[in-house]
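To keep things clear, I will list the structure first and then write my remarks on it.
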Amino acid sequence: MDIQPDERTINEIPLEEIVDTPMGGKSNIILDSQILTTLMGCPRLADFRFNHNFVSIAGKSNSLECGSIVHTYQEYYNKNLIWGLKKETAHQHGLAAAEMYITGCRGCAVFVPSEELPKPPCGHKPFEFPGVRNTPKEPDMQNPREKYKTGWQWVLDTIDQYYHFYRNDHWVPLEVEVVKGKVLYEDDEIRVLWKAKLDLTVDTNQGIYPVDHKTMKQNRNTISMNNQFIGQCLIMDTRNVFLNKIGFQKTLKPEDKFKRPPVSYSAQRLLEWQGETLPFYSKLLLMYAETGHFPPNFDHCEGKYGNCAFLPVCEANPDMREEEIKKLFIIGPEWNPTNDDDSFDEVE
Ligand SMILES: [Zn+2]
């Protein structure tokens, strides 16, 4: 059952309403892959990020910023192709958008939505072009804190190499950055609406598939235990998601750093996730929300790319945690899957 694109239903329901139990009725639960994956990792972190909307004052990491530059290029390049522009023109427009992500737009970077002015005067999406804060043009190799960073000049060079590498490919872009919603589970107690933001959907000649752009500094194999990919398959009625891997390695040839592997699922695995995994965690979320207690998971404090940003908060005494949060975080925009947040993408 598809939920019709009533924007309010799919996109704009604040998280306090994610778990909504009308008197005596069943609970409606709205989930996306970032909420579910965070919930599986650490319920307290899910509460911080998605109920309280705490955002680090330090801004995005260098890896996330480089990923966002590429995502911005991809969005505008593919949009322009869909509008019928020539590839070279679409590429130039994509590069211009990537450059604006780097320099920032005064209209949307510091935008605060209000009743009178819900959207930025520049016509962009709120916070669309924030400017980079942790990405230099070229890393200073003498600076030990900077020498591992990727510079934005190299990101733009990589985009150019990517464009030339795929100039004659057969992918036809159909949709860019769309959010889709679908009721994936319903029983007597709960109804689960799944929301997925798709970077891109393409016609590959073999069929229509969702595509996820992944930037990385080192090639990593992607495993298929992935809520985002499974959710996208169920929303799109396919059994494959294509990754559009874009590597920032300086020593690799284009064919070794630009790859488009599929992640494939059997029908049984998709059904297992839809009929067992999703309802289990939805009911768990309902219980956390009803009791107001989101327990911490100590196994999630250290990650592949460093410690959890909230570690100093959890390591403080319970009566000091609010203070600690104020030092490190601000309250960001209310979460919805159209927010430009790639922080769960595989980067580094
Ligand atoms: Zn703007």
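Numbering starts fresh at 1 for the residues of each chain in the structure tokens, the chains themselves are lettered A, B, ... in the order given, and ligands are numbered from 1 as they appear.
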
- Secondary structure check, strand (DSSP E) residues of stretch 47-193 of chain A, as an MDAnalysis selection string: chainID A and resid 54:56 172:186 190:193

- Shell around stretch 45-52 of chain A at 10 Å using only C-alpha atoms, local window under 6 positions removed, as an MDAnalysis selection string: chainID A and resid 14:18 34:39 285 288:289 292:297 300:301 308:311 314 325 330:336

Since we have the selection now, will you write its residues out, keeping N, CA, C and O atoms, as a short mmCIF file (atom, residue, chain, number, x, y, z; two decimals), in the first residue's frame?
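What follows is the written file out.cif:
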data_model
loop_
_atom_site.label_atom_id
_atom_site.label_comp_id
_atom_site.auth_asym_id
_atom_site.auth_seq_id
_atom_site.Cartn_x
_atom_site.Cartn_y
_atom_site.Cartn_z
N PRO A 14 6.81 15.77 12.75
CA PRO A 14 7.94 15.82 13.68
C PRO A 14 8.06 14.53 14.45
O PRO A 14 7.11 13.75 14.55
N LEU A 15 9.24 14.31 14.98
CA LEU A 15 9.51 13.01 15.57
C LEU A 15 8.68 12.71 16.80
O LEU A 15 8.40 11.56 17.10
N GLU A 16 8.27 13.77 17.50
CA GLU A 16 7.41 13.51 18.66
C GLU A 16 6.14 12.78 18.21
O GLU A 16 5.50 12.10 18.99
N GLU A 17 5.81 12.95 16.93
CA GLU A 17 4.61 12.29 16.43
C GLU A 17 4.91 10.97 15.75
O GLU A 17 4.04 10.34 15.20
N ILE A 18 6.18 10.58 15.77
CA ILE A 18 6.54 9.33 15.10
C ILE A 18 5.76 8.18 15.68
O ILE A 18 5.28 7.31 14.98
N GLN A 34 17.84 5.73 8.92
CA GLN A 34 18.77 6.32 9.88
C GLN A 34 18.27 6.15 11.30
O GLN A 34 19.04 5.86 12.22
N ILE A 35 16.96 6.32 11.50
CA ILE A 35 16.40 6.12 12.83
C ILE A 35 16.54 4.64 13.22
O ILE A 35 17.01 4.32 14.32
N LEU A 36 16.16 3.74 12.32
CA LEU A 36 16.22 2.31 12.66
C LEU A 36 17.65 1.85 12.94
O LEU A 36 17.90 1.14 13.92
N THR A 37 18.58 2.28 12.09
CA THR A 37 19.97 1.85 12.28
C THR A 37 20.54 2.40 13.58
O THR A 37 21.26 1.70 14.31
N THR A 38 20.21 3.65 13.90
CA THR A 38 20.68 4.23 15.15
C THR A 38 20.04 3.51 16.34
O THR A 38 20.70 3.22 17.34
N LEU A 39 18.77 3.20 16.21
CA LEU A 39 18.07 2.48 17.27
C LEU A 39 18.69 1.11 17.52
O LEU A 39 18.86 0.68 18.66
N LEU A 285 10.78 0.44 19.79
CA LEU A 285 10.75 1.91 19.80
C LEU A 285 9.50 2.42 20.51
O LEU A 285 9.55 3.37 21.29
N TYR A 288 10.10 2.13 24.19
CA TYR A 288 10.99 3.20 24.68
C TYR A 288 10.23 4.52 24.76
O TYR A 288 10.36 5.27 25.73
N ALA A 289 9.46 4.81 23.72
CA ALA A 289 8.75 6.09 23.68
C ALA A 289 7.70 6.15 24.78
O ALA A 289 7.51 7.19 25.42
N GLY A 292 9.53 6.46 28.04
CA GLY A 292 10.42 7.62 28.07
C GLY A 292 11.85 7.24 28.41
O GLY A 292 12.67 8.11 28.71
N HIS A 293 12.17 5.97 28.35
CA HIS A 293 13.53 5.53 28.68
C HIS A 293 14.20 4.90 27.47
O HIS A 293 13.75 3.89 26.96
N PHE A 294 15.27 5.56 27.01
CA PHE A 294 16.04 5.05 25.88
C PHE A 294 17.39 4.60 26.43
O PHE A 294 18.27 5.41 26.67
N PRO A 295 17.58 3.30 26.63
CA PRO A 295 18.80 2.83 27.31
C PRO A 295 20.04 2.99 26.43
O PRO A 295 19.96 2.90 25.21
N PRO A 296 21.21 3.23 27.07
CA PRO A 296 22.46 3.32 26.30
C PRO A 296 22.96 1.93 25.94
O PRO A 296 22.69 0.96 26.65
N ASN A 297 23.68 1.83 24.83
CA ASN A 297 24.36 0.59 24.48
C ASN A 297 25.86 0.83 24.50
O ASN A 297 26.39 1.52 23.63
N HIS A 300 28.43 0.56 21.50
CA HIS A 300 28.32 1.43 20.32
C HIS A 300 29.12 2.72 20.47
O HIS A 300 29.08 3.59 19.60
N CYS A 301 29.85 2.87 21.59
CA CYS A 301 30.54 4.15 21.86
C CYS A 301 31.76 4.34 20.97
O CYS A 301 32.11 5.47 20.63
N CYS A 308 31.78 7.95 19.45
CA CYS A 308 30.49 8.60 19.34
C CYS A 308 30.62 10.05 19.83
O CYS A 308 31.27 10.31 20.85
N ALA A 309 29.99 10.98 19.13
CA ALA A 309 30.09 12.40 19.51
C ALA A 309 29.51 12.65 20.90
O ALA A 309 29.85 13.63 21.56
N PHE A 310 28.63 11.78 21.34
CA PHE A 310 27.97 11.96 22.64
C PHE A 310 28.72 11.29 23.79
O PHE A 310 28.25 11.33 24.92
N LEU A 311 29.88 10.66 23.49
CA LEU A 311 30.61 9.95 24.54
C LEU A 311 30.90 10.84 25.78
O LEU A 311 30.66 10.41 26.91
N CYS A 314 27.71 10.98 27.87
CA CYS A 314 27.38 9.75 28.61
C CYS A 314 28.40 9.48 29.71
O CYS A 314 28.07 8.87 30.73
N ILE A 325 25.98 18.62 27.17
CA ILE A 325 25.32 18.72 25.86
C ILE A 325 25.38 20.16 25.35
O ILE A 325 25.68 20.41 24.18
N ILE A 330 24.20 21.92 19.43
CA ILE A 330 23.10 22.87 19.33
C ILE A 330 21.86 22.08 18.91
O ILE A 330 21.99 20.93 18.46
N ILE A 331 20.72 22.69 19.03
CA ILE A 331 19.50 22.02 18.57
C ILE A 331 19.31 22.32 17.10
O ILE A 331 19.21 23.47 16.70
N GLY A 332 19.36 21.29 16.30
CA GLY A 332 19.27 21.44 14.85
C GLY A 332 17.82 21.39 14.39
O GLY A 332 16.90 21.35 15.20
N PRO A 333 17.65 21.40 13.07
CA PRO A 333 16.29 21.31 12.53
C PRO A 333 15.66 19.97 12.87
O PRO A 333 16.36 18.98 13.07
N GLU A 334 14.34 19.95 12.94
CA GLU A 334 13.64 18.72 13.24
C GLU A 334 13.98 17.66 12.19
O GLU A 334 14.05 17.96 11.01
N TRP A 335 14.17 16.46 12.64
CA TRP A 335 14.58 15.41 11.72
C TRP A 335 13.47 15.02 10.76
O TRP A 335 12.34 14.79 11.12
N ASN A 336 13.81 14.96 9.48
CA ASN A 336 12.99 14.22 8.52
C ASN A 336 13.94 13.75 7.43
O ASN A 336 15.04 14.29 7.30
#

- If you count only C-alpha atoms and all ligand atoms, the residue of A:Leu270, A:Cys122, A:Ile30, A:Ile235 closest to ligand 1 turns out to be A:Cys122

Residues of chain A that approach ligand 1 to 6 Å or less, counting only C-alpha atoms and all ligand atoms: could you list each one with the shortest pair of atoms and its distance in Å to one decimal, rows by chain and increasing residue number, as JSON lines?
{"residue": "A:Cys105", "atom": "CA", "partner": "ligand 1", "partner_atom_place_in_ligand_line": "1 (Zn)", "distance": 4.5}
{"residue": "A:Gly107", "atom": "CA", "partner": "ligand 1", "partner_atom_place_in_ligand_line": "1 (Zn)", "distance": 4.4}
{"residue": "A:Cys108", "atom": "CA", "partner": "ligand 1", "partner_atom_place_in_ligand_line": "1 (Zn)", "distance": 3.9}
{"residue": "A:Cys122", "atom": "CA", "partner": "ligand 1", "partner_atom_place_in_ligand_line": "1 (Zn)", "distance": 4.6}
{"residue": "A:His124", "atom": "CA", "partner": "ligand 1", "partner_atom_place_in_ligand_line": "1 (Zn)", "distance": 4.6}
{"residue": "A:Phe129", "atom": "CA", "partner": "ligand 1", "partner_atom_place_in_ligand_line": "1 (Zn)", "distance": 5.8}

- Kindly indicate which residue among A:Ile159, A:Met216, A:Met225, A:Ile29 lies nearest to A:Gly247, using only C-alpha atoms for the distances.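 Closest to A:Gly247, using only C-alpha atoms: A:Met216.
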
- Name the residues of stretch 95-343 of chain A that fall into helix (DSSP H, G or I) according to DSSP on the backbone, using the chain letters and numbers of this document, as an MDAnalysis selection string. chainID A and resid 95:103 106:109 152:165 227:236 254:257 267:291 298:300 311:315 318:328

- Query: Excluding same-chain residues fewer than 5 positions from A:Gln232, what lies within 8 Å of it counting only C-alpha atoms, as a PyMOL selection string?
  - Reply: chain A and resi 196+198+210+241

Can you spit out the residues from that selection as a PDB file, in the first residue's frame, using N, CA and C atoms?
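Output file part.pdb is given in full below:
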ATOM      1  N   ALA A 196      11.848   6.479   2.697  1.00  0.00           N
ATOM      2  CA  ALA A 196      13.193   6.316   2.144  1.00  0.00           C
ATOM      3  C   ALA A 196      13.503   7.486   1.238  1.00  0.00           C
ATOM      4  N   LEU A 198      15.787   8.513  -1.764  1.00  0.00           N
ATOM      5  CA  LEU A 198      16.607   7.866  -2.791  1.00  0.00           C
ATOM      6  C   LEU A 198      17.490   8.920  -3.446  1.00  0.00           C
ATOM      7  N   PRO A 210      17.122   1.652  -7.540  1.00  0.00           N
ATOM      8  CA  PRO A 210      17.656   2.752  -6.738  1.00  0.00           C
ATOM      9  C   PRO A 210      19.183   2.736  -6.739  1.00  0.00           C
ATOM     10  N   VAL A 241      19.985  -2.910  -5.200  1.00  0.00           N
ATOM     11  CA  VAL A 241      20.319  -1.491  -5.111  1.00  0.00           C
ATOM     12  C   VAL A 241      21.696  -1.368  -5.745  1.00  0.00           C
TER      13      VAL A 241
END

- Between atom CA of A:Leu64 and atom CA of A:Glu322, measure the distance and give it in Å to one decimal.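 Atom CA of A:Leu64 sits 26.6 Å away from atom CA of A:Glu322.
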
- Suppose you want the space between atom CA of A:Leu252 and atom CA of A:Lys217; what is it in Å? 10.9 Å

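Nearest to A:Val110 of all the residues A:Pro126, A:Pro254, A:Pro262, A:Pro173 is A:Pro126, counting only C-alpha atoms.
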